[in-house]
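Right, one structure below, let's go through it.
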Amino acid sequence: MGAKLSAYLSHNTMTILLIIVIPTILIIGLFKSYREQSEYTLNGCFFVKLALISFIIGGYDGFFGPGTGTFLFLAFMYLLSMSAKESVTNAKIINFVANFSALLYFLFAGRIDWNIVLIALPASILGYQLGAHFVLKADLRWVKKVVTVVLIGLMVKLVFLS
């Protein structure tokens, strides 16, 4: 649904929406600590929240995309009470499925620039591997710093390079 919506909204509109959302997420992340232990129970409420989070952020991913993994990570940790490391691993799986869904939509819509994909895909795979290794081995303070830098970098890109 997000991928389909992106065909109707301008880049400027999407950028303005992100300029509102990202600082909000950044502020929440700065003032809350990262969980070292999970504190959730698998019950109906948990699964409803999980479905809503995945639907909303999956829609965002198809709609615009940047920061999706970070948004999933923070939502799983703060809204579902998963540990930081469990949040990262689950976010990666959900992010993959959302990206694959968007790929199918854009593939059938004929909106993929294969020259870019063939260069970016191997670099992305390498980056994912390095990032996943880092987060599973690193102290949570470093993970929090990296997430903060990513969100600030995304804001700088949106404000100054869009």
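Each chain in the structure tokens gets a letter, A, B and so on, in the order shown; residues start at 1 in every chain, and ligands are counted from 1 in the order they appear.
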
Listing only residues of stretch 22-130 of chain A within 8 Å of stretch 149-161 of chain A, what is the closest atom pair and its distance in Å (to one decimal) for each, using only C-alpha atoms, sorted by chain and residue number ascending, as JSON lines?
```
{"residue": "A:Ile22", "atom": "CA", "partner": "A:Leu151", "partner_atom": "CA", "distance": 6.8}
{"residue": "A:Pro23", "atom": "CA", "partner": "A:Met155", "partner_atom": "CA", "distance": 7.7}
{"residue": "A:Leu26", "atom": "CA", "partner": "A:Leu151", "partner_atom": "CA", "distance": 6.5}
{"residue": "A:Pro66", "atom": "CA", "partner": "A:Leu154", "partner_atom": "CA", "distance": 7.5}
{"residue": "A:Gly67", "atom": "CA", "partner": "A:Leu151", "partner_atom": "CA", "distance": 7.3}
```

Sorted by chain and rising residue number, list the residues of stretch 89-152 of chain A at most 10 Å from stretch 33-52 of chain A (counting only C-alpha atoms), each with its closest atom pair and distance in Å to one decimal, as a Markdown table.
```
| residue | atom | partner | partner_atom | distance |
| --- | --- | --- | --- | --- |
| A:Asp139 | CA | A:Glu36 | CA | 9.9 |
| A:Leu140 | CA | A:Tyr34 | CA | 6.8 |
| A:Arg141 | CA | A:Tyr34 | CA | 8.1 |
| A:Val143 | CA | A:Tyr34 | CA | 8.8 |
| A:Lys144 | CA | A:Tyr34 | CA | 7.3 |
```

* DSSP on the backbone, then: every residue of stretch 5-126 of chain A marked helix (DSSP H, G or I), written as a PyMOL selection string. => chain A and resi 5-6+11-31+44-63+68-80+84-109+114-126

* Nearest to A:Ile94 by atom-to-atom distance, counting only C-alpha atoms, from A:Tyr128, A:Asp113, A:Ile119, A:Gly58 ->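 Nearest to A:Ile94: A:Gly58.
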
* Using only C-alpha atoms, which residues sit within 10 Å of A:Thr89 once same-chain residues fewer than 2 positions away are excluded, as a ChimeraX atom specification? -> /A:69,73,84-87,91-94,132,135-136

* Out of A:Ala109, A:Val147, A:Gly127, A:Ala75, which residue has the shortest atom-to-atom distance to A:Asn90 when counting only C-alpha atoms? ->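 That would be A:Ala75, the residue with the smallest distance to A:Asn90.
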
* **Closest of A:Phe108, A:Phe134, A:Tyr8, A:Phe71 to A:Asn95 - atom-to-atom distances counting only C-alpha atoms** =>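 Of A:Phe108, A:Phe134, A:Tyr8, A:Phe71, the one nearest A:Asn95 is A:Phe71, counting only C-alpha atoms.
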
* **Length of the atom CA of A:Ile56 to atom CA of A:Leu118 vector [Å]** =>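 If I compute the distance from atom CA of A:Ile56 to atom CA of A:Leu118, I get 28.7 Å.
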
* Out of A:Ile19, A:Val117, A:Ile57, A:Ala138, which residue has the shortest atom-to-atom distance to A:Ala98 when counting only C-alpha atoms? -> A:Ile57

* Pick from A:His11, A:Ser54, A:Tyr78, A:Thr70: nearest to A:Val97, with only C-alpha atoms counted? -> A:Ser54

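Our summary of the geometry notes that atom CA of A:Trp142 is positioned 25.5 Å from atom CA of A:Pro122.
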
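Distances from A:Ser124, A:Asn99, A:Thr68, A:Ser83 to A:Ile25 were compared using only C-alpha atoms, and the smallest one belongs to A:Thr68.
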